[in-house]
Structures are given as structure tokens and as C-alpha cells.
Amino acid sequence: MQTLTPPSSNSLNYLNRARPSVSRVTPTRIVVKCGYGFEPASFSQGIGSNRADWQSSCAILASKVVSQQEDSPAGDNATGDHVGAVNGHKAAVTDMKLVPIDKLNGGLNKPLPPKPLTISDLSPAPMHGSQLRVAYQGVPGAYSEAAAGKAYPNGEAMPCDQFEVAFQAVELWIADRAVLPVENSLGGSIHRNYDLLLRHRLHIVGEVQLPVHHCLLALPGVRKEYLTRVISHPQALAQCEHTLTKLGLNVAREAVDDTAGAAEFVAANNLRDTAAIASARAAELYGLQVLADGIQDDPNNVTRFVMLAREPIIPRTDRPFKTSIVFAHDKGTSVLFKVLSAFAFRNISLTKIESRPHRGRPIRVVDDESEGTAKHFEYMFYIDFEASMAEVRAQNALAEVQEFTSFLRVLGSYPMDMTPWSPSSSCHRED
């Protein structure tokens with residue numbers, strides 16, 4: 001350590017005087033750490049006040065080494081000691097008064113402190129699925145796992161038992177991305193995830209659309225006539241209701257957390273009177289047979305998933321982009337027309353409008369002396385529109401929307417999923 005204190009007026013011998021410890025640093029003094037022991041020195045106007053003072057301090061340290069080298073015998077350096085250098089001047093280790101590391105640590109051989117984190121340690125994860133950890137809700141075999149594999153083909157899928165756990169996994173750096181459903185072409189929006197998008201500070205960085213192909217699964221050797229109930233996710237049960245009736249299955253229908261979880265439950269508990277609605281991959285994973293294939297009522301059954309990350313991506317204009325926002329206003333829904341006009345005036349197409357209760361203030365009370373008290377529901381509005389935030393028209397539209405709203409947040413501006421797909425066959429196949 002080098003601590004800078006006032007010099008003697010006679011000579012520079014103060015450089016060789018020992019000091020018991022490092023004194024407290026004042027605002028006009030700096031502490032210089034080095035491996036050559038620690039001795040005090042300073043200047044009349046305070047080191048650090050200008051560049052010239054700092055250069056002077058370096059010159060004095062160098063002159064000390066030179067003077068020690070001149071005073072030492074010529075044979076001192078022939079002993080095999082390592083040679084150090086300060087400002088290009090070589091000197092023997094013994095002359096430079098090197099202090100062993102264990103003595104600097106109090107002579108207790110304490111381990112050195114851990115290396116501090118650097119920017120490289122916190123660098124963003126690689127893009128496009130290269131060794132990414134991708135969180136999804138469900139168990140292996142779920143449609144969410146298939147969506148995660150489509151979004152990040154080289155990623156490591158991480159199953160989570162709840163949607164919120166997937167959000168938290170990304171926030172806590174346990175996962176790099178999350179792929180979660182937000183809407184289905186038949187079942188509508190997954191409201192839980194819209195609420196979580198507002199509660200958490202993750203960014204939408206992409207979307208993926210996955211055709212849903214339902215199968216009726218049971219244990220090997222089980223026939224449809226033996227079944228007394230069918231279990232699956234509530235939306236899967238609703239999407240296959242008419243087909244189950246056509247199959248002659250007048251059975252109880254019970255909802256569980258997810259489709260693949262239903263298949264796992266049947267296999268784990270050896271339930272020969274129960275079937276599950278899930279994917280063909282779930283049948284393969286859990287050793288079940290497919291009693292009927294493609295049992296969804298509508299072949300145009302597609303679920304849209306969003307890809308979430310801790311940091312947003314840079315919007316571009318060289319490919320189709322979509323932007324998602326959420327906003328609210330103190331005056332209720334009267335502002336909605338003005339918001340829609342901001343997009344219509346600029347020829348920006350909206351792909352989705354979703355309203356959710358304002359949990360912070362679900363009811364707005366309006367007192368009118370002539371008509372009495374009225375209670376209005378307060379809403380948060382979610383909008384998806386086809387434009388990139390890199391486009392001037394999108395920026396101008398949001399600037400106008402901000403004038404009408406009390407709260408506005410961009411959830412993400414991301415590439416649209418333009419992957420072609422073919423609808424599932426409308427006819428189911430029985431095995």
C-alpha cells in the first residue's frame with residue numbers, strides 16, 4: 001500500500017521511514033495499492049488535485065528505486081533473486097522491500113478474496129437457442145415443451161409446475177428464457193399469463209404458434225368400452241367435447257393442470273378405467289397407447305406462445321414485427337376510442353385487444369348530485385399491433401396514446417412467427 005503524507009523539507013528520507021498502519025483517507029488523498037510494501041508520501045497541494053501531482057508522485061517512487069539500485073553492491077543481483085521493475089527501472093526484490101502475501105494478510109495465511117465479477121461474467125446469454133435454458137409450464141410431453149423446442153431448437157427445456165414459477169426462473173437467472181401460452185384459437189386468452197406479464201418485468205422477445213393435435217391415450221390393452229372418465233387440461237376437454245360424444249364416450253370428464261400431466265397420472269397410477277387427452281409425444285414418453293388420434297373438434301386449433309427474456313431485443317424493420325403494449329386511464333373506457341384512432345390514422349393493424357381488471361383499483365366510484373353514485377369497473381387494456389418500434393409511425397402512435405392514458409408500458413417489440421403450418425385433419429383416426 002502507498003499512503004501519501006507530507007514530505008520532510010530536508011530530503012526524501014521520509015520514503016524509507018516505516019509507518020505502523022495506513023491512516024484514514026481524506027477527500028484530498030488517495031491510496032495506491034502495489035506489491036512493493038507500503039510507505040507514505042504526499043505533496044503540499046494534495047495528490048489527485050491535478051494530473052501534474054500524480055505524475056510527480058510516480059517520479060518520486062521511481063527515483064527511490066533508482067537510488068536503492070545505485071546504493072546496492074554489484075553482486076546483489078547475482079544471487080538468483082527475481083528482478084522487479086518500476087517505470088522501467090530494474091531493482092532487486094530485496095532492495096524493493098517486497099512484502100510476502102501472507103504478511104499482508106496478517107501472517108495468518110488467509111486465502112485471497114474471491115475474484116470480483118466482471119462484465120464478461122454477466123454477459124447476455126447466446127441468442128437463438130444456443131445452450132439456452134428455456135422454462136415452460138408443465139411436464140415433459142406438454143405442448144409448451146413442444147413450443148419451447150420450436151422457439152429454441154438447441155435449448156435445454158426446464159419444466160415448471162406453475163406459470164409464475166417460469167417467470168421467476170428467468171428473473172432469478174435460473175433460466176434464460178421462458179415460453180408461455182397467451183391465447184388459443186378456440187379457447188381464447190390465458191388470462192393468468194396476461195396478469196403475470198404486468199406483474200413481472202420480463203420482456204417479450206418473440207412468439208411461436210403451435211398447432212394442437214390432441215390424442216386419446218390409455219394404458220396398453222385398454223379399450224374404450226372400459227373407460228369411466230377422461231382427464232386433461234380444461235381447454236383440451238372443451239376442444240374435444242363433441243368428438244368424445246361421437247366416440248360414444250359418455251364418461252366423466254375431470255380437469256387437471258396440464259395435458260401431459262394427465263397422461264403421466266394415468267401411467268403412474270396404472271388407471272385402466274381412465275383415459276387422458278394429450279399429445280402423441282406424451283403417449284411415447286409414458287408408455288400409453290393412442291386410442292384415437294386427432295380428436296380436436298376444430299382442425300384450426302393453434303396456440304400462440306410468447307418468448308420472455310430479462311432484456312428486450314432491438315427492434316428492426318427488415319422483417320415483420322409485432323409490438324405488445326398495456327395501458328390504463330383514470331377516466332375508464334372512454335379513452336379507448338381515442339387510442340384505437342391513433343393506430344387507425346397511421347394504418348397500423350391491431351391483432352388483439354384484451355381487457356383485464358385493474359387489480360390495484362377494480363372499481364371506480366362516480367358521485368353525481370342529480371343521478372346518485374355510479375360504480376364502474378376499471379380495466380387494463382392489452383393490445384398487439386403489427387409494427388416495429390423502430391418505425392416512426394409506431395413511435396408517433398404510442399406518443400399519442402400516452403397523451404390519453406395514465407399508464408402505458410411496452411411489453412415487447414419482436415419478430416412475428418411467419419412459419420407456415422397446415423391444419424390438423426378434421427377426421428379422427430381410431431386404433
# chains A, B, ... in the order shown; residues from 1 in each chain; ligands from 1
$ residues_around --residues "stretch 348-354 of chain A" --least-positions-apart "5" --cutoff "6 Å" --atoms "only C-alpha atoms" --output "mmCIF file with N, CA and C atoms, in the first residue's frame"
data_model
loop_
_atom_site.group_PDB
_atom_site.id
_atom_site.type_symbol
_atom_site.label_atom_id
_atom_site.label_comp_id
_atom_site.auth_asym_id
_atom_site.auth_seq_id
_atom_site.Cartn_x
_atom_site.Cartn_y
_atom_site.Cartn_z
ATOM 1 N N PHE A 343 -53.982 4.381 -33.858
ATOM 2 C CA PHE A 343 -53.448 3.331 -34.730
ATOM 3 C C PHE A 343 -54.126 3.348 -36.097
ATOM 4 N N PHE A 381 -55.866 -2.518 -20.472
ATOM 5 C CA PHE A 381 -56.055 -2.945 -21.854
ATOM 6 C C PHE A 381 -54.730 -3.423 -22.438
ATOM 7 N N TYR A 382 -54.777 -4.611 -23.017
ATOM 8 C CA TYR A 382 -53.619 -5.186 -23.705
ATOM 9 C C TYR A 382 -53.876 -5.133 -25.207
ATOM 10 N N ILE A 383 -52.922 -4.635 -25.958
ATOM 11 C CA ILE A 383 -53.065 -4.508 -27.406
ATOM 12 C C ILE A 383 -51.808 -5.039 -28.087
ATOM 13 N N ASP A 384 -52.013 -5.822 -29.144
ATOM 14 C CA ASP A 384 -50.936 -6.240 -30.042
ATOM 15 C C ASP A 384 -51.169 -5.574 -31.387
ATOM 16 N N PHE A 385 -50.138 -4.981 -31.962
ATOM 17 C CA PHE A 385 -50.279 -4.371 -33.278
ATOM 18 C C PHE A 385 -49.091 -4.728 -34.154
ATOM 19 N N GLU A 386 -49.328 -4.743 -35.454
ATOM 20 C CA GLU A 386 -48.330 -5.176 -36.422
ATOM 21 C C GLU A 386 -47.474 -3.997 -36.858
#
$ select_by_dssp --residues "stretch 135-249 of chain A" --states "strand (DSSP E or B)" --output "number ranges by chain"
A: 135-137, 156-160, 177-184, 188-189, 203-211, 215-218, 229-232
$ closest_residue --among "A:Gly221, A:Asp258, A:Leu227, A:Ser232" --to "A:Asp161" --atoms "only C-alpha atoms"
A:Asp258
$ closest_residue --among "A:Glu171, A:Val401, A:Ala328, A:Ile231" --to "A:His358" --atoms "only C-alpha atoms"
A:Ala328
$ atom_distance --atom1 "atom CA of A:Asp318" --atom2 "atom CA of A:Pro420"
19.0 Å
$ residues_around --residues "A:Glu403" --least-positions-apart "5" --cutoff "12 Å" --atoms "only C-alpha atoms" --output "list in words"
Phe327, Ala328, His329, Val335, Lys338, Val339, Ala342, Asn396, Ala397, Leu398 and Leu408 of chain A
$ closest_residue --among "A:Gln209, A:Ser413, A:Ser341, A:Asn300" --to "A:Ala148" --atoms "only C-alpha atoms"
A:Gln209
$ atom_distance --atom1 "atom CA of A:Glu241" --atom2 "atom CA of A:Leu285"
24.9 Å
$ select_by_dssp --residues "stretch 135-322 of chain A" --states "helix (DSSP H, G or I)" --output "ChimeraX atom specification"
/A:143-151,163-171,191-199,224-226,234-239,241-246,259-268,280-286
$ atom_distance --atom1 "atom CA of A:Val139" --atom2 "atom CA of A:Asn184"
19.4 Å
$ closest_residue --among "A:Leu210, A:Val302, A:Ala218, A:Cys160" --to "A:Asn269" --atoms "only C-alpha atoms"
A:Ala218
$ residues_around --residues "stretch 187-191 of chain A" --least-positions-apart "4" --cutoff "12 Å" --atoms "only C-alpha atoms" --output "ChimeraX atom specification"
/A:163,180-183,195-198,212,233-240,296-298,300-306,352-357,382
$ closest_residue --among "A:Ile325, A:Ala151, A:Asn193, A:Ser144" --to "A:Pro415" --atoms "only C-alpha atoms"
A:Ala151
